[in-house]
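All remarks here apply to the structure that follows.
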Amino acid sequence: MRARVLTTATALAATALLGTAVLAGCGGSSNGTDEPNQVVRTTTAIAGAGIVGIDRDTSTACPSPTAPETADPQRIVALSTQALDTACALGLWERVVGAAVDDGATGRPGYLGSGIATIPGVGSPDAPDAAKIGELRPDLILGGNEPAGGGAADPLQAIAPTIFVRAGDDWEQQVRTLGGALGRPNATAAALDDYRQAARTAGGDLFAGQTQASVVRFTDSGGTVAGTDGFAGRVLADVGVQRPPAQRGASFPLDTDDPAAAEGDVVYVSFAGPAGEEHGADVMQSDGWKKLSAAHDKRVWSVADEIWHGSGIVAARALVTDLRDSLNYYGS
């Protein structure tokens, strides 16, 4: 597949940035100050892929606190990034007194802003430290996927009301569950509506229906080609971005020896931690990868794994911003 020919309108926009390896991002979260908070990386490319969102401004993603509609929790423990994202989206992140950190993660999700980094840790999402959580005296605990059998949640329920999301629900329904637990179902619905409108507007501005975007995630030993069943795939659909025929279904493993299934007009790659980045860079420097027309035409972009492999309103808005800053542009 050859990279598509840009329409006149998008070609004019692309010309302004032709030869640019890095594009500015502008989505993120509040850091509790009036000064801009930006995610800055010293690396501008990974194995030839320009990094999207390298100077992402995270100062505006967490709005002012929304008004309570039912309950109004004051001390929240978030056991998943999605729960932390939802609290941020509703303007309640400063009420989060403890948060779990994913195994292998080096810190809080950067796209949520620097203030998030100061929240005390309470173990991992799969093994929260009940003793630490109890010391924080929460009045609400928000979890990730509901534990099988429910027994693992008993120690947490003894501390404070504990709400988990259902693994089978799509990401928007999971956010509604979390927003309802935070006492703000209507504000949650409004935030989702605002996101969907922003996605549709971006799609129109970008002529998104004319581009087939491929999404690949590298781990330390393999890779996954994202289909339409995951978070990134659903956001791309909301924007109206097309997918290559092979990716119009469930996600599947990438054959790193023959990565032809990763082909697209544009390819977005993310990495699961440093080991994933190291393995991904090796694959992207292989002869098989270099045969992709997107690689030849410099239409491969590196994106933040915590956003594209995430789940939540703030992450979805940041992903839309990434598309605005990359979908119709070439790297150097």
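Each chain in the structure tokens gets a letter, A, B and so on, in the order shown; residues start at 1 in every chain, and ligands are counted from 1 in the order they appear.
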### Query
range 115-129 of chain A: which residues within 6 Å, counting only C-alpha atoms, same-chain residues fewer than 2 positions away excluded, as a PyMOL selection string?
chain A and resi 31+79-80+98-102+108+113+131-132
### Task
Would you return as a list in words the members of range 186-278 of chain A that DSSP assigns to strand (DSSP E or B) on this structure's backbone?
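Put together, the selection reads Gln212, Ala213, Ser214, Val215, Val216, Arg217, Phe218, Gly223, Thr224, Val225, Gln242, Phe252, Pro253, Val266, Val267, Tyr268, Val269, Ser270 and Phe271 of chain A.
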Residues of the last selection are to be written out with C-alpha atoms, as a PDB file, in the first residue's frame.
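Produced file again19.pdb, reproduced below:
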```
ATOM      1  CA  GLN A 212      -6.091   4.418   6.813  1.00  0.00           C
ATOM      2  CA  ALA A 213      -4.207   4.446  10.114  1.00  0.00           C
ATOM      3  CA  SER A 214      -2.363   1.433  11.503  1.00  0.00           C
ATOM      4  CA  VAL A 215      -1.654   1.074  15.247  1.00  0.00           C
ATOM      5  CA  VAL A 216       1.113  -1.165  16.631  1.00  0.00           C
ATOM      6  CA  ARG A 217       2.198  -1.688  20.243  1.00  0.00           C
ATOM      7  CA  PHE A 218       5.568  -3.242  21.060  1.00  0.00           C
ATOM      8  CA  GLY A 223       4.093  -6.728  19.232  1.00  0.00           C
ATOM      9  CA  THR A 224       0.357  -6.332  18.791  1.00  0.00           C
ATOM     10  CA  VAL A 225      -1.500  -4.863  15.837  1.00  0.00           C
ATOM     11  CA  GLN A 242     -10.243   4.543   8.477  1.00  0.00           C
ATOM     12  CA  PHE A 252      -3.735  -9.729  16.784  1.00  0.00           C
ATOM     13  CA  PRO A 253      -0.013 -10.470  17.285  1.00  0.00           C
ATOM     14  CA  VAL A 266       0.197   6.197   8.485  1.00  0.00           C
ATOM     15  CA  VAL A 267       1.488   3.941  11.269  1.00  0.00           C
ATOM     16  CA  TYR A 268       1.319   4.812  14.963  1.00  0.00           C
ATOM     17  CA  VAL A 269       3.644   2.874  17.257  1.00  0.00           C
ATOM     18  CA  SER A 270       3.758   2.786  21.042  1.00  0.00           C
ATOM     19  CA  PHE A 271       6.019   0.954  23.467  1.00  0.00           C
TER      20      PHE A 271
END
```
### Message
Quick one: residues within 12 Å of Asp265 in chain A, only C-alpha atoms, excluding same-chain residues fewer than 2 positions away - as number ranges by chain?
### Response
A: 1-6, 208-215, 241-245, 262-263, 267-268, 292-301, 326-330
### Task
Name all residues at most 9 Å from range 275-286 of chain A (count only C-alpha atoms; drop same-chain ones fewer than 2 positions away) and give them as number ranges by chain.
A: 46-49, 217-223, 256-257, 259, 269-273, 288-291, 295
Preceding selection exported with C-alpha atoms as a PDB file, in the first residue's frame:
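part.pdb written:
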```pdb
ATOM      1  CA  ILE A  46      12.715   6.548  17.763  1.00  0.00           C
ATOM      2  CA  ALA A  47      14.096   4.361  14.965  1.00  0.00           C
ATOM      3  CA  GLY A  48      13.115   7.030  12.451  1.00  0.00           C
ATOM      4  CA  ALA A  49       9.620   7.630  13.863  1.00  0.00           C
ATOM      5  CA  ARG A 217       2.198  -1.688  20.243  1.00  0.00           C
ATOM      6  CA  PHE A 218       5.568  -3.242  21.060  1.00  0.00           C
ATOM      7  CA  THR A 219       6.376  -5.162  24.240  1.00  0.00           C
ATOM      8  CA  ASP A 220       9.740  -6.510  25.346  1.00  0.00           C
ATOM      9  CA  SER A 221       9.360  -9.640  23.225  1.00  0.00           C
ATOM     10  CA  GLY A 222       6.666  -9.062  20.619  1.00  0.00           C
ATOM     11  CA  GLY A 223       4.093  -6.728  19.232  1.00  0.00           C
ATOM     12  CA  THR A 256       7.968  -9.223  13.603  1.00  0.00           C
ATOM     13  CA  ASP A 257       9.812 -11.220  10.913  1.00  0.00           C
ATOM     14  CA  PRO A 259       5.455  -7.044   9.658  1.00  0.00           C
ATOM     15  CA  VAL A 269       3.644   2.874  17.257  1.00  0.00           C
ATOM     16  CA  SER A 270       3.758   2.786  21.042  1.00  0.00           C
ATOM     17  CA  PHE A 271       6.019   0.954  23.467  1.00  0.00           C
ATOM     18  CA  ALA A 272       5.286  -0.867  26.715  1.00  0.00           C
ATOM     19  CA  GLY A 273       8.085   0.604  28.831  1.00  0.00           C
ATOM     20  CA  GLY A 288      10.951  -6.124   6.755  1.00  0.00           C
ATOM     21  CA  TRP A 289       9.746  -2.992   8.512  1.00  0.00           C
ATOM     22  CA  LYS A 290      11.596  -0.707   6.108  1.00  0.00           C
ATOM     23  CA  LYS A 291       9.630  -2.270   3.242  1.00  0.00           C
ATOM     24  CA  ALA A 295       8.193   3.748   6.733  1.00  0.00           C
TER      25      ALA A 295
END
```
From a backbone DSSP assignment, name each residue in range 242-307 of chain A labelled helix (DSSP H, G or I), as a PDB file with C-alpha atoms, in the first residue's frame.
```
ATOM      1  CA  PRO A 245      -8.630  -4.014   6.033  1.00  0.00           C
ATOM      2  CA  ALA A 246      -6.572  -6.409   8.175  1.00  0.00           C
ATOM      3  CA  GLN A 247      -7.174  -4.230  11.240  1.00  0.00           C
ATOM      4  CA  PRO A 259       5.455  -7.044   9.658  1.00  0.00           C
ATOM      5  CA  ALA A 260       3.406  -6.446   6.502  1.00  0.00           C
ATOM      6  CA  ALA A 261       0.209  -6.487   8.585  1.00  0.00           C
ATOM      7  CA  ALA A 262       1.360  -3.197  10.134  1.00  0.00           C
ATOM      8  CA  GLY A 273       8.085   0.604  28.831  1.00  0.00           C
ATOM      9  CA  PRO A 274      11.805   0.878  28.059  1.00  0.00           C
ATOM     10  CA  ALA A 275      12.100  -2.802  27.145  1.00  0.00           C
ATOM     11  CA  GLY A 276       9.239  -2.443  24.691  1.00  0.00           C
ATOM     12  CA  GLU A 277      10.929   0.580  23.151  1.00  0.00           C
ATOM     13  CA  GLU A 278      14.207  -1.294  22.773  1.00  0.00           C
ATOM     14  CA  HIS A 279      12.520  -4.258  21.094  1.00  0.00           C
ATOM     15  CA  GLY A 280      10.340  -2.016  18.940  1.00  0.00           C
ATOM     16  CA  ALA A 281      13.334  -0.018  17.739  1.00  0.00           C
ATOM     17  CA  ASP A 282      15.033  -3.265  16.665  1.00  0.00           C
ATOM     18  CA  VAL A 283      11.975  -4.307  14.659  1.00  0.00           C
ATOM     19  CA  MET A 284      11.615  -0.854  13.102  1.00  0.00           C
ATOM     20  CA  ASP A 287      14.512  -4.846   6.474  1.00  0.00           C
ATOM     21  CA  GLY A 288      10.951  -6.124   6.755  1.00  0.00           C
ATOM     22  CA  TRP A 289       9.746  -2.992   8.512  1.00  0.00           C
ATOM     23  CA  LYS A 290      11.596  -0.707   6.108  1.00  0.00           C
ATOM     24  CA  SER A 293       5.400   2.201   2.400  1.00  0.00           C
ATOM     25  CA  ALA A 294       4.602   4.229   5.533  1.00  0.00           C
ATOM     26  CA  ALA A 295       8.193   3.748   6.733  1.00  0.00           C
ATOM     27  CA  HIS A 296       9.588   4.642   3.316  1.00  0.00           C
ATOM     28  CA  ASP A 305       1.662   4.257  25.312  1.00  0.00           C
ATOM     29  CA  GLU A 306      -0.094   5.553  28.429  1.00  0.00           C
ATOM     30  CA  ILE A 307      -2.481   7.453  26.152  1.00  0.00           C
TER      31      ILE A 307
END
```
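For the set A:Pro109, A:Gly91, A:Gly240, A:Gly50, the residue with the smallest atom-to-atom gap to Pro65 in chain A is A:Gly91, counting only C-alpha atoms.
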